[in-house]
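Student: One structure coming up, written as structure tokens, with questions to follow.
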Protein chains: 2
Amino acid sequence: MSAQQRLNVLKQHLTPEQERANAVDPVNSMKEERGKASFDIRELTHLLDGGKGASELRERMMLEIERDPLFTMHDIHDISKNELRERTMEKFRSMIHHLQNESVDTFKKRMEVISLIDPGFWTRFGVHYGLFVGALQSNASPGQLSYWFEKGALSLSGMVGCFAMTEIGHGSNVPGLETTATFDEASDQFIIHTPTLTATKWWIGGAAHSATHASVFAQLIVNGKRYGTKVFVVPLRDPKTYNLLPGVNIGDIGKKMGRDGIDNGWIQFTNVRIPRGYMLQKHTKVSRSGEVIEPKLQQLTYGALLQGRVAMVVDSGNVSKKALTIAIRYAAIRRQFANSKANGIETKLLDYPIHQRRLMPLLAQAFAMHFTGSEMSAMYNNMMGRLESAGPNDPDMAEVLEMLKETHATSAGLKAFCTWNCLNTIEQCRQSCGGHGYSAYTGLAGMYNDFAVQCTWEGDNTILALQSGRYLISSYREAVAGKKLSPGVGYLNNLSTLIGKKCNVAKIEDIVTPEVIIEGWQVVCANVVKNAALEFEDCLKDGLDTDDAYEQCSQSRLYAARLHSYGYLFRRFAEGVAKVEGELKSVLMDVCLLYGLYTIEENAGAFLQYEYFTPKEIEYIRAQTNFLCKAVRDQAIPLVDSFNLTDYIINSPLGRHDGNAYVHYFDQVKRQNPQGEHPYFDRLIKPMLEREIDGGDYDDEAAGLESDDSDDETD
Amino acid sequence: MSAQQRLNVLKQHLTPEQERANAVDPVNSMKEERGKASFDIRELTHLLDGGKGASELRERMMLEIERDPLFTMHDIHDISKNELRERTMEKFRSMIHHLQNESVDTFKKRMEVISLIDPGFWTRFGVHYGLFVGALQSNASPGQLSYWFEKGALSLSGMVGCFAMTEIGHGSNVPGLETTATFDEASDQFIIHTPTLTATKWWIGGAAHSATHASVFAQLIVNGKRYGTKVFVVPLRDPKTYNLLPGVNIGDIGKKMGRDGIDNGWIQFTNVRIPRGYMLQKHTKVSRSGEVIEPKLQQLTYGALLQGRVAMVVDSGNVSKKALTIAIRYAAIRRQFANSKANGIETKLLDYPIHQRRLMPLLAQAFAMHFTGSEMSAMYNNMMGRLESAGPNDPDMAEVLEMLKETHATSAGLKAFCTWNCLNTIEQCRQSCGGHGYSAYTGLAGMYNDFAVQCTWEGDNTILALQSGRYLISSYREAVAGKKLSPGVGYLNNLSTLIGKKCNVAKIEDIVTPEVIIEGWQVVCANVVKNAALEFEDCLKDGLDTDDAYEQCSQSRLYAARLHSYGYLFRRFAEGVAKVEGELKSVLMDVCLLYGLYTIEENAGAFLQYEYFTPKEIEYIRAQTNFLCKAVRDQAIPLVDSFNLTDYIINSPLGRHDGNAYVHYFDQVKRQNPQGEHPYFDRLIKPMLEREIDGGDYDDEAAGLESDDSDDETD
């Protein structure tokens with residue numbers, strides 16, 4: 001008898017109950033979904049990773065990290081803040097081996113993988129390498145850079161750095177920081193000082209327990225004159241003992257919403273003296289005699305700061321992929337409510353149209369962020385390459401500055417809207433897992449808490465979105481004045497054709513094409529940007545200065561920036577798909593069109609307001625969005641499989657590759673909460689249950705007082 | 001010299017720096033805002049509380065709880081889950097004194113205040129009194145109820161209850177629960193059994209460490225026949241020792257996103273026997289001989305379940321008020337960026353138009369939820385009064401059932417949209433506090449984590465919203481058939497006038513009136529409900545059965561329910577304001593109109609689609625929303641003051657009444673994180689900083705291998 005025959009015989013012997021159990025078995029349900037793949041999953045993985053080699057490198061990293069006992073993650077929700085911080089420092093220390101023994105690209109891939117596993121550790125390590133070393137690279141002269149590197153800034157020998165910019169009273173407004181650095185010519189030193197409570201350095205990652213040195217942002221004061229915020233390296237602790245240096249006061253910021261592995265601290269400086277050479281003098285210089293030489297081009301200093309924003313666009317895509325893998329895999333095995341025709345077999349969540357509506361557009365958005373993140377990284381690297389090779393007198397300097405301006409504005413807007421999108425994706429995924437989304441062990445709650453800070457740090461999202469809006473208004477005005485704009489806002493050069501344009505398709509089905517969707521977004525964005533610009537100009541006419549005028553029209557700026565970001569993300573996605581062929585193109589095109597139609601539906605007001613679509617066309621788009629949700633649903637498991645995140649990375653029983661969610665969930669809850677003695681039965685519960693209750697709280701409430709009856713008798 | 005003269009002299013002696021410090025002093029900033037009140041704050045407090053007496057009772061409760069050391073809250077973010085749970089049990093025990101010594105209304109007020117202070121405790125206590133005792137009241141016969149009350153269910157002597165409905169594999173689908181209760185006629189007992197892993201009772205609050213008894217929802221099986229889900233009281237533990245009873249297995253669910261004071265557990269029953277009388281038999285009865293008598297009117301059993309939903313509508317308003325008090329007070333003292341004309345004095349966040357846009361509509365929404373919550377409570381109490389007094393043969397029964405149906409659908413939709421609104425409000429408030437919103441001590445992060453579960457429990461929001469949408473469709477069809485509908489959906493009786501109606505105002509300014517906004521929402525909702533109903537009917541025509549047809553049009557149902565909820569909330573708010581007079585009316589009218597315009601703007605697509613407003617009118621509404629944000633901003637501090645939440649309740653230094661946020665924030669961070677020995681310098685940091693780095697990881701990497709040079713030589 002062949003294996004197949006044996007199986008058939010076995011099947012014949014199943015009772016109806018066993019058959020039903022088989023049908024609802026989570027592992028079977030997952031296999032069934034995987035069987036629907038219309039494309040080669042591995043091929044899509046390579047496409048997303050940027051090639052076979054990149055996928056293999058990432059897989060090597062995932063394996064190495066999973067096997068490293070320091071990176072044990074299943075117990076992460078149950079250890080205390082102090083344990084977590086200590087474990088994070090152990091990882092920090094262990095990372096030096098890799099840093100010194102592997103190529104930059106390999107190490108970057110390692111850190112990218114780690115950012116998905118333990119974002120708190122990633123930040124703590126990034127505080128030194130990204131922020132502290134980054135501040136040196138951006139602000140130190142070549143000689144100073146060598147000095148600090150020789151002192152151990154790169155090798156983490158003898159020093160660990162932190163980045164002391166934010167103050168308790170000052171976040172986004174860097175020029176408004178209060179900490180002072182006053183030049184004392186007599187001693188050739190700077191005096192670093194915290195003049196007020198609000199000047200206390202705050203949120204400084206690594207300050208509480210890790211750092212020996214800080215790059216301190218402070219107001220340069222020479223001979224009583226203020227020269228604005230500059231960067232100073234200030235030693236905080238004796239590296240031999242970790243005792244605080246004189247005048248340095250540091251405390252622990254304590255518990256946060258998430259990322260508790262980072263030891264954020266506060267710092268107050270009380271007349272702390274540092275050598276003049278500890279001011280980083282790549283740009284502004286202070287001579288022995290107190291002469292201050294300021295640079296010609298201020299804006300060149302912030303190029304490196306954009307790196308964090310670009311990374312967050314990429315991270316928003318990656319974290320969304322992780323959250324969606326959990327929610328979509330769970331939806332493939334979770335069943336709820338039996339259809340009357342289904343023989344008592346409950347329906348998969350993924351088969352409910354409303355559940356498809358909850359998750360499929362977010363899956364499409366994750367792809368949009370993926371393609372946009374790749375494009376944004378390339379734009380950044382290109383710009384930085386040009387910036388580094390161009391000297392101040394370079395003939396290309398104007399073009400490079402234009403690139404910097406575009407990268408700055410684009411990364412600002414994308415950082416804001418992508419981190420908002422991702423935070424929303426995590427929460428929607430969490431809610432779509434029902435009650436189990438509220439358990440710590442299913443991972444989405446912690447993911448939300450860890451990710452939430454991305455909407456605030458390295459530029460508050462609202463402020464960044466407004467910057468993007470400001471760029472749109474000024475681009476509009478330049479376009480009107482005849483200037484050719486950069487590609488990202490190039491559509492504003494076609495105002496005369498875009499304003500007033502209506503969708504003009506032969507058949508209504510033609511709406512569902514990348515070309516129409518791109519044009520639609522361009523028409524809407526051109527209108528919205530124009531309105532914001534006109535509102536801005538009205539404010540100027542009313543006598544407001546430029547800054548006040550921008551504040552006054554900030555709601556329109558934010559609105560323009562939001563719509564522009566939708567159009568931008570869609571275009572990047574469509575361009576990415578255009579480069580693909582075959583089966584992959586077909587599935588990705590569905591996902592891309594879903595993203596396009598969903599964003600139109602979500603912003604139907606704008607499309608109707610500027611009459612690009614008619615109400616009837618909007619109704620059609622709504623129906624087609626439903627249809628595409630269903631189409632993408634059929635490929636949903638293969639699509640999340642293509643993200644190629646191992647069970648270790650996912651770290652959620654609901655998101656298990658094998659679909660065996662309940663078994664793994666139950667196991668994890670049991671392992672993390674072993675049964676022990678009752679912790680407080682004798683002290684608290686027993687006395688409550690066994691107390692006397694008949695007499696109330698007091699044994700004789702009359703307490704000798706004559707009753708009202710006897711009072712009456714005396715009358 | 002008079003005091004005023006002395007003050008003037010003092011002022012003259014201020015240096016410019018001191019003057020500036022005075023101007024930006026947070027306490028002065030807060031006083032300045034409070035001085036803008038255009039109305040009597042106390043009067044508004046009384047209005048919101050429902051009278052002077054109610055305000056005074058609430059104040060008495062706030063004071064009593066604040067003074068109780070068991071209710072210490074400032075350290076709540078730093079204690080472990082185990083400490084929190086033990087402290088929560090201490091509160092539980094202490095609450096019995098009040099329960100036995102004060103009136104029901106006073107105790108209810110106490111619990112309402114506590115729900116804002118410690119929602120985890122509130123739930124743990126509510127599991128016994130709300131869920132367990134509620135299950136007895138809804139499902140026990142009069143004799144059974146007396147039995148359990150005499151046994152100690154009300155007085156918490158000898159027993160503590162929990163509510164075992166949800167299973168790991170079954171949440172929303174109560175009829176699909178797997179746990180079985182099989183009648184064994186021989187012993188006159190039921191056998192309670194967990195047949196599979198997915199039948200494991202899950203999330204059961206109080207199961208891990210508190211409860212002696214559970215009200216277990218299980219499939220009644222008598223003589224092999226299934227009768228659906230019924231409720232059984234099952235003893236879990238010996239109250240003298242807290243040892244688990246035979247066949248009962250219980251474990252701890254462990255860490256959650258929030259509310260960690262609740263000891264949620266899982267329960268597996270293995271052939272646990274209980275007397276026949278432990279099945280609660282108010283409705284379905286099982287006789288000694290195994291005869292099953294089922295009730296005539298199934299739906300009467302769920303009236304009491306609506307109480308939780310109604311409470312969550314009220315809670316959404318209250319928690320929003322708390323979050324907004326923090327964010328708005330902080331925005332009144334936080335300054336960022338100096339206007340060029342402002343002499344270096346930075347601008348209050350509250351003065352930025354974009355910040356007004358972020359918070360003022362949410363403040364308006366909190367008022368809308370307040371008025372709606374009050375109305376919803378009245379509707380519920382009225383319905384329950386009628387339901388309890390009406391016997392099954394009552395001639396009013398049809399009317400009572402209609403009330404039940406309306407209350408059921410309205411509370412379902414409002415529970416969903418109000419809890420979503422509130423969760424969003426908390427997160428927006430958190431983000432609007434910038435980096436400080438990420439600190440645990442500022443309270444909003446924990447508030448988010450505690451509140452998030454409300455979107456899932458007692459009915460997943462999406463499912464409840466769909467129920468509301470189903471009610472709208474069936475109401476529409478009844479209206480078409482000529483039936484007079486209940487007030488909440490009464491506008492569907494006017495379909496012929498509403499469908500196709502355009503806004504028809506003499507002057508565009510007239511749009512900004514409650515009448516036009518109410519009409520606009522009715523027109524839009526009538527259209528959207530009609531479309532959903534037509535889609536549903538098309539599905540029926542295509543041959544789908546009723547349930548499948550409803551599933552198929554679920555996106556339209558959800559959309560209809562969402563828009564209906566906006567219209568409903570606005571109407572309740574407008575009706576509340578209509579009853580007020582004088583200065584209060586004037587300020588509340590601005591808030592109400594802001595809510596109306598904001599909701600229209602957010603849903604502009606629908607208003608344009610059904611052509612109630614023209615694009616030009618929508619532009620006007622956008623501008624007027626800005627204008628009203630500014631108007632409400634001027635009264636923002638007096639408005640949040642009227643919520644009358646003490647600093648103890650607020651429990652956030654950013655939301656301090658006196659405005660002295662930085663001082664209190666710094667103090668709290670220092671108090672909660674006292675400096676101690678470095679926890680791991682010697683073990684982890686010192687070896688890293690002092691390691692040998694010259695030779696790399698290995699002292700001689702060649703390890704005896706001949707160099708390539710010598711190899712070459714042998715050739």
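Each chain of the structure tokens is named A, B, ... in the order shown, its residues numbered from 1; ligands are numbered from 1 in display order.
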Taking only C-alpha atoms into account, what are the residues of chain B at most 7 Å from chain A, put as an MDAnalysis selection string?
Tutor: chainID B and resid 77:78 86 90 93 156:159 170 173 176 209 251:257 336:337 352:354 434:435 438:440 445 453 456:457 460 551:552 554:555 604:605 608:609 615 669 673 675 678 680 684 688:691
Student: Identify, on the basis of only C-alpha atoms, every residue whose closest approach to segment 64-73 of chain A does not exceed 10 Å; exclude the query and any residue fewer than 5 positions from it along the same chain; express the result as a list in words.
Tutor: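 Contacts, in chain order: Arg58, Glu59, Arg87, Thr88, Glu90, Lys91, Ser94, Arg110, Val113, Ile114, Ile117, Asp118, Thr646, Asp647, Tyr648, Ile649 and Asn651 of chain A.
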Student: Store the residues picked out above in a file with N, CA and C atoms, as a JSON list (two decimals), in the first residue's frame.
Tutor:
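New file again.json:
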[["chain", "number", "residue", "atom", "x", "y", "z"],
["A", 58, "ARG", "N", 21.48, 38.25, 5.56],
["A", 58, "ARG", "CA", 20.51, 38.51, 6.62],
["A", 58, "ARG", "C", 20.17, 37.22, 7.37],
["A", 59, "GLU", "N", 20.06, 36.13, 6.63],
["A", 59, "GLU", "CA", 19.76, 34.85, 7.28],
["A", 59, "GLU", "C", 20.90, 34.41, 8.19],
["A", 87, "ARG", "N", 21.31, 43.47, 31.11],
["A", 87, "ARG", "CA", 21.44, 42.58, 29.97],
["A", 87, "ARG", "C", 21.78, 43.37, 28.70],
["A", 88, "THR", "N", 21.22, 44.56, 28.60],
["A", 88, "THR", "CA", 21.49, 45.40, 27.44],
["A", 88, "THR", "C", 22.95, 45.81, 27.39],
["A", 90, "GLU", "N", 25.37, 44.04, 28.61],
["A", 90, "GLU", "CA", 26.12, 42.84, 28.21],
["A", 90, "GLU", "C", 26.15, 42.70, 26.69],
["A", 91, "LYS", "N", 25.02, 42.96, 26.06],
["A", 91, "LYS", "CA", 24.97, 42.89, 24.60],
["A", 91, "LYS", "C", 25.88, 43.95, 23.99],
["A", 94, "SER", "N", 29.30, 42.81, 24.06],
["A", 94, "SER", "CA", 29.56, 41.68, 23.16],
["A", 94, "SER", "C", 29.62, 42.14, 21.70],
["A", 110, "ARG", "N", 23.88, 43.44, 10.56],
["A", 110, "ARG", "CA", 23.67, 42.89, 11.90],
["A", 110, "ARG", "C", 22.82, 43.86, 12.73],
["A", 113, "VAL", "N", 19.15, 43.95, 11.64],
["A", 113, "VAL", "CA", 18.41, 42.80, 12.14],
["A", 113, "VAL", "C", 18.12, 42.98, 13.63],
["A", 114, "ILE", "N", 19.14, 43.45, 14.37],
["A", 114, "ILE", "CA", 18.97, 43.63, 15.82],
["A", 114, "ILE", "C", 17.90, 44.67, 16.12],
["A", 117, "ILE", "N", 14.78, 43.05, 16.63],
["A", 117, "ILE", "CA", 14.70, 42.11, 17.74],
["A", 117, "ILE", "C", 14.63, 42.86, 19.06],
["A", 118, "ASP", "N", 15.50, 43.82, 19.22],
["A", 118, "ASP", "CA", 15.63, 44.51, 20.51],
["A", 118, "ASP", "C", 15.92, 45.99, 20.26],
["A", 646, "THR", "N", 12.26, 35.11, 10.88],
["A", 646, "THR", "CA", 12.19, 33.83, 11.58],
["A", 646, "THR", "C", 11.31, 33.94, 12.82],
["A", 647, "ASP", "N", 10.91, 32.78, 13.34],
["A", 647, "ASP", "CA", 10.09, 32.77, 14.55],
["A", 647, "ASP", "C", 10.80, 33.49, 15.70],
["A", 648, "TYR", "N", 12.12, 33.39, 15.72],
["A", 648, "TYR", "CA", 12.88, 34.09, 16.76],
["A", 648, "TYR", "C", 12.71, 35.60, 16.64],
["A", 649, "ILE", "N", 12.78, 36.11, 15.42],
["A", 649, "ILE", "CA", 12.63, 37.55, 15.21],
["A", 649, "ILE", "C", 11.20, 37.99, 15.54],
["A", 651, "ASN", "N", 9.09, 36.59, 17.52],
["A", 651, "ASN", "CA", 8.94, 36.50, 18.99],
["A", 651, "ASN", "C", 7.50, 36.68, 19.45]]
Student: Could you please determine the separation between atom CA of Ser374 of chain B and atom CA of His657 of chain B in Å, to one decimal place?
Tutor: 26.3 Å
Student: Quick check, in Å to one decimal: how far apart do atom CA of Glu388 of chain B and atom CA of Phe417 of chain B lie?
Tutor: 28.7 Å
Student: When you draw a straight line from atom CA of Tyr612 of chain B to atom CA of Ile600 of chain B, how long is it in Å?
Tutor: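 Result for atom CA of Tyr612 of chain B versus atom CA of Ile600 of chain B: 10.8 Å, one decimal.
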Student: With a distance cut-off of 8 Å and only C-alpha atoms, select the neighbouring residues of segment 121-131 of chain B, excluding the residue or stretch itself and same-chain residues fewer than 5 positions from it, and output the selection as an NGL selection string.
Tutor: :B and (88 or 91-92 or 111 or 114-115 or 154 or 160-163 or 205-206 or 259 or 261-263)
Student: Could you take the residues named above and write them with N, CA and C atoms, as a CSV table (one decimal), in the first residue's frame?
Tutor:
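This went into out_15.csv:
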chain,number,residue,atom,x,y,z
B,88,THR,N,-3.0,45.8,45.0
B,88,THR,CA,-4.3,45.8,44.5
B,88,THR,C,-5.3,44.9,45.4
B,91,LYS,N,-6.2,46.9,48.5
B,91,LYS,CA,-7.2,47.8,48.2
B,91,LYS,C,-8.6,47.1,48.2
B,92,PHE,N,-8.6,46.0,47.5
B,92,PHE,CA,-9.8,45.2,47.4
B,92,PHE,C,-10.4,44.9,48.8
B,111,MET,N,-16.4,54.4,43.4
B,111,MET,CA,-15.8,53.5,42.3
B,111,MET,C,-15.6,54.3,41.0
B,114,ILE,N,-12.4,56.1,41.6
B,114,ILE,CA,-11.3,55.1,41.6
B,114,ILE,C,-11.0,54.7,40.2
B,115,SER,N,-12.0,54.6,39.3
B,115,SER,CA,-11.7,54.1,38.0
B,115,SER,C,-10.8,55.0,37.3
B,154,LEU,N,-22.2,38.4,48.3
B,154,LEU,CA,-22.3,39.9,48.4
B,154,LEU,C,-21.3,40.4,49.4
B,160,VAL,N,-14.9,34.5,46.9
B,160,VAL,CA,-14.6,35.5,46.0
B,160,VAL,C,-14.9,34.9,44.6
B,161,GLY,N,-15.5,35.7,43.7
B,161,GLY,CA,-15.9,35.1,42.5
B,161,GLY,C,-15.1,35.6,41.3
B,162,CYS,N,-15.1,34.8,40.2
B,162,CYS,CA,-14.6,35.3,39.0
B,162,CYS,C,-15.5,34.9,37.8
B,163,PHE,N,-15.3,35.3,36.6
B,163,PHE,CA,-16.2,35.2,35.5
B,163,PHE,C,-15.5,34.5,34.4
B,205,GLY,N,-10.1,37.2,35.0
B,205,GLY,CA,-9.6,38.1,36.0
B,205,GLY,C,-9.9,37.5,37.4
B,206,GLY,N,-8.9,37.5,38.2
B,206,GLY,CA,-9.1,37.0,39.6
B,206,GLY,C,-8.8,35.5,39.7
B,259,ARG,N,-3.0,47.3,33.1
B,259,ARG,CA,-3.8,46.8,34.2
B,259,ARG,C,-3.2,45.5,34.8
B,261,GLY,N,-2.5,45.0,37.7
B,261,GLY,CA,-3.0,44.8,39.1
B,261,GLY,C,-4.0,43.6,39.1
B,262,ILE,N,-4.5,43.3,37.9
B,262,ILE,CA,-5.5,42.2,37.8
B,262,ILE,C,-4.7,40.9,37.7
B,263,ASP,N,-5.1,39.9,38.4
B,263,ASP,CA,-4.4,38.6,38.4
B,263,ASP,C,-5.2,37.7,37.4
